[in-house]
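Notes follow the structure.
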Amino acid sequence: MAPFQVWLVHALSTASPAVARFMHSVWGWPFAESIHFIGLCLLLGPVVMFDLRLLGVAKRIPIVALHKLIPFGLIGFAMNAVTGSMFLMTEPDQYIYNPSFHFKVLFLTVAGTNALSFYLIPWRRIGRLEPGAPAPRSARIIAVVSLSMWMGVIIGGRMLTFYRPGVCGPAGPGFLAECIPRVRR
Amino acid sequence: MYRALGWLESTAFSTWMREDPSIFAFPGVLTVHTIGMALIVGIGVALDLRILGVARGVPIGEMKRFFPAMWFGLWLNIASGVALLVAYPAKALTNPVFYLKLTCIALALVLLRSIRRRLFRDRESFVDPMPARLRLMAGASVGCWVGAIAAGRLLAYTYTKLMTTW
């Protein structure tokens, strides 16, 4: 894992000098952070409402009609993918060696796979539901997983600052490399 | 004023928030503040989008069912916000951006209340496109939330005093 992380940090830090320059400008970082939080709300609003609907809240709203809000959630996700990459390209070692970031990526991956499984498994059946009928059990399980994973993503993101990795001692990084190895460039 | 802030900083709760290494102290409260934000702003903006004409198949009156989740987020944020303020009272209260944030939130909540009153008073009377006045309020609400979030983020970069003794 450690050599991969060293490679990744190097690749990210050299990916875009323009992004790094912008992020190091006075308002660059706070600006990107603001977008990241606005994107978070834009994503979480539709996702939480949709999951709650699958779990039986607001039964008189047709599930397919409520789904029209999801594209705005995707816009929010895109905003966060872009600004998130900007953070990564500017201070890669603060993320790549941060256990909180590892959990955030893990939760993101599960949330993404879970969302994909929603379209592969219950989505077509949902389109044929009688109005007000409860969502299939698989959809309700997916909703619970989705809500928990997105909460996990927020927690992982928020805890990043409190798990900043320090510089490694002479022993070098451990299994998950929770400190920044000294690398000669 | 300064004496009061200094006293607040010296209280057991304020000290615990700042100094306890537990993730349930400052980091946990900050996380709760973010989750509350996601609920109130996320659902609030989705409601605004519906008023502005998105997802017209959603019966607007039924959006009422999502309000408890929004109020839950609001209470999480009032509680966590007060705790964060008690942790570093001078940091926030000496920063004009903090008052900007509070103003944005107050405006957004006033708009939300009046949107809610209009929308659910007699739910049959609204058909798309929604009345121009309502759409204007929904647009302004999105603007207020964006302002509140940006101002909130800027708090970390614009303070001039961390503590009264600092």
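All residue names refer to the structure tokens as shown: chains lettered A, B, ... in order, residues numbered from 1 in each chain, ligands numbered from 1 in order.
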Interface residues on chain B facing chain A, 7 Å, only C-alpha atoms, written as a ChimeraX atom specification: /B:27,31,38-39,41-43,46,55,57-59,62,65,146,149-150,153-154
Would you mind exporting the chosen residues as a PDB file, in the first residue's frame, restricted to C-alpha atoms?
```pdb
ATOM      1  CA  PRO B  27     -15.009  17.208  16.173  1.00  0.00           C
ATOM      2  CA  THR B  31     -19.935  16.827  12.460  1.00  0.00           C
ATOM      3  CA  ALA B  38     -27.391  18.821   5.058  1.00  0.00           C
ATOM      4  CA  LEU B  39     -30.927  18.178   6.326  1.00  0.00           C
ATOM      5  CA  VAL B  41     -30.484  23.227   3.595  1.00  0.00           C
ATOM      6  CA  GLY B  42     -30.676  20.090   1.461  1.00  0.00           C
ATOM      7  CA  ILE B  43     -34.404  19.563   1.907  1.00  0.00           C
ATOM      8  CA  ALA B  46     -35.173  20.763  -2.842  1.00  0.00           C
ATOM      9  CA  ALA B  55     -40.256  17.639 -10.480  1.00  0.00           C
ATOM     10  CA  GLY B  57     -45.180  15.448 -10.728  1.00  0.00           C
ATOM     11  CA  VAL B  58     -44.573  15.831  -6.974  1.00  0.00           C
ATOM     12  CA  PRO B  59     -47.809  17.047  -5.289  1.00  0.00           C
ATOM     13  CA  GLU B  62     -47.130  16.373   0.234  1.00  0.00           C
ATOM     14  CA  ARG B  65     -44.072  15.294   5.131  1.00  0.00           C
ATOM     15  CA  VAL B 146     -25.739  29.750  -0.223  1.00  0.00           C
ATOM     16  CA  ILE B 149     -22.867  28.354   3.965  1.00  0.00           C
ATOM     17  CA  ALA B 150     -20.218  30.549   2.339  1.00  0.00           C
ATOM     18  CA  ARG B 153     -16.947  28.490   5.778  1.00  0.00           C
ATOM     19  CA  LEU B 154     -15.250  31.883   5.773  1.00  0.00           C
TER      20      LEU B 154
END
```
Hey, what does DSSP flag as alpha helix (DSSP H) within stretch 55-142 of chain B? Can you give it to me as a PyMOL selection string? chain B and resi 67-87+89-93+96-121+132-142
How many Å separate atom CA of A:Leu74 from atom CA of A:Ser100? 23.8 Å
With a distance cut-off of 8 Å and only C-alpha atoms, select the neighbouring residues of B:Leu112, excluding the residue or stretch itself and same-chain residues fewer than 4 positions from it, and output the selection as an MDAnalysis selection string. chainID B and resid 44 108 116 141
Using N, CA and C atoms, can you write the selected residues to a file as a CSV table (one decimal), in the first residue's frame?
```csv
chain,number,residue,atom,x,y,z
B,44,GLY,N,-34.6,22.0,2.2
B,44,GLY,CA,-35.1,23.3,1.9
B,44,GLY,C,-34.9,23.7,0.5
B,108,ALA,N,-33.3,33.2,5.7
B,108,ALA,CA,-33.7,31.9,5.1
B,108,ALA,C,-34.9,31.3,5.9
B,116,ARG,N,-43.9,28.1,3.6
B,116,ARG,CA,-44.7,27.1,4.2
B,116,ARG,C,-46.2,27.5,4.5
B,141,SER,N,-34.6,32.2,-1.2
B,141,SER,CA,-34.3,31.2,-0.1
B,141,SER,C,-33.0,30.5,-0.5
```
Show me, as a list in words, the residues that have an atom within 9 Å of B:Thr158 when counting only C-alpha atoms, minus same-chain residues fewer than 5 positions from it. Asn95, Pro96 and Val97 of chain B
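Between B:Gly139 and the candidates B:Arg50, B:Lys161, B:Arg121, B:Lys91, the tightest atom-to-atom separation, counting only C-alpha atoms, involves B:Arg50.
Between atom CA of A:Pro71 and atom CA of A:Phe50 the interatomic distance comes to 12.0 Å.
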Please list as an NGL selection string every residue within 6 Å of stretch 103-113 of chain A, counting only C-alpha atoms and excluding residues in the same chain fewer than 5 positions away. :A and (146 or 149 or 153 or 156)
Selection from above, C-alpha atoms, as a short mmCIF file (atom, residue, chain, number, x, y, z; two decimals), in the first residue's frame, can you write it?
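Below is the file that was written, result_30.cif:
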```
data_model
loop_
_atom_site.label_atom_id
_atom_site.label_comp_id
_atom_site.auth_asym_id
_atom_site.auth_seq_id
_atom_site.Cartn_x
_atom_site.Cartn_y
_atom_site.Cartn_z
CA SER A 146 -27.65 4.86 1.39
CA MET A 149 -23.20 5.60 3.99
CA VAL A 153 -19.12 10.20 4.18
CA GLY A 156 -15.26 10.96 7.43
#
```
Within 12 Å of A:Ala11 using only C-alpha atoms, minus same-chain residues under 5 positions, as a PDB file with N, CA and C atoms, in the first residue's frame:
```
ATOM      1  N   PHE A   4       2.278   2.542  -3.338  1.00  0.00           N
ATOM      2  CA  PHE A   4       1.170   3.068  -4.147  1.00  0.00           C
ATOM      3  C   PHE A   4       0.791   4.470  -3.680  1.00  0.00           C
ATOM      4  N   GLN A   5       0.783   4.638  -2.347  1.00  0.00           N
ATOM      5  CA  GLN A   5       0.413   5.950  -1.811  1.00  0.00           C
ATOM      6  C   GLN A   5       1.453   7.013  -2.177  1.00  0.00           C
ATOM      7  N   VAL A   6       2.721   6.609  -2.122  1.00  0.00           N
ATOM      8  CA  VAL A   6       3.778   7.563  -2.498  1.00  0.00           C
ATOM      9  C   VAL A   6       3.611   7.968  -3.961  1.00  0.00           C
ATOM     10  N   SER A  16      -1.800  19.262 -11.728  1.00  0.00           N
ATOM     11  CA  SER A  16      -2.184  20.543 -12.328  1.00  0.00           C
ATOM     12  C   SER A  16      -1.614  21.719 -11.538  1.00  0.00           C
ATOM     13  N   PRO A  17      -0.561  22.343 -12.072  1.00  0.00           N
ATOM     14  CA  PRO A  17       0.001  23.522 -11.410  1.00  0.00           C
ATOM     15  C   PRO A  17      -1.011  24.665 -11.337  1.00  0.00           C
ATOM     16  N   LEU A  88      -7.373  17.504  -3.176  1.00  0.00           N
ATOM     17  CA  LEU A  88      -6.421  16.396  -3.285  1.00  0.00           C
ATOM     18  C   LEU A  88      -5.165  16.790  -4.057  1.00  0.00           C
ATOM     19  N   MET A  89      -5.359  17.563  -5.121  1.00  0.00           N
ATOM     20  CA  MET A  89      -4.206  17.939  -5.955  1.00  0.00           C
ATOM     21  C   MET A  89      -3.330  18.967  -5.257  1.00  0.00           C
ATOM     22  N   THR A  90      -3.914  19.692  -4.288  1.00  0.00           N
ATOM     23  CA  THR A  90      -3.143  20.745  -3.633  1.00  0.00           C
ATOM     24  C   THR A  90      -2.370  20.225  -2.419  1.00  0.00           C
ATOM     25  N   GLU A  91      -3.036  19.405  -1.592  1.00  0.00           N
ATOM     26  CA  GLU A  91      -2.381  18.876  -0.388  1.00  0.00           C
ATOM     27  C   GLU A  91      -2.535  17.358  -0.353  1.00  0.00           C
ATOM     28  N   PRO A  92      -2.025  16.634  -1.360  1.00  0.00           N
ATOM     29  CA  PRO A  92      -2.331  15.189  -1.436  1.00  0.00           C
ATOM     30  C   PRO A  92      -1.943  14.413  -0.191  1.00  0.00           C
ATOM     31  N   ASP A  93      -0.782  14.739   0.411  1.00  0.00           N
ATOM     32  CA  ASP A  93      -0.363  13.901   1.555  1.00  0.00           C
ATOM     33  C   ASP A  93      -1.284  14.055   2.763  1.00  0.00           C
ATOM     34  N   ILE A  96      -4.097  11.353   1.496  1.00  0.00           N
ATOM     35  CA  ILE A  96      -3.715   9.979   1.142  1.00  0.00           C
ATOM     36  C   ILE A  96      -3.224   9.216   2.369  1.00  0.00           C
TER      37      ILE A  96
END
```
For B:Thr164, please output as a PDB file with C-alpha atoms, in the first residue's frame all residues within 7 Å (counting only C-alpha atoms; exclusion window: fewer than 3 positions along the same chain).
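Just written: out_28.pdb:
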```pdb
ATOM      1  CA  TYR B   2     -15.194  41.059  27.050  1.00  0.00           C
ATOM      2  CA  GLY B   6     -13.837  35.516  29.171  1.00  0.00           C
ATOM      3  CA  ALA B  90     -14.765  35.668  21.151  1.00  0.00           C
TER       4      ALA B  90
END
```
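Between atom CA of B:Gly152 and atom CA of B:Trp7 lies a distance of 24.8 Å.
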Which one of B:Ala25, B:Leu111, B:Leu76, B:Met130 sits closest to B:Gly53 if you count only C-alpha atoms? B:Met130
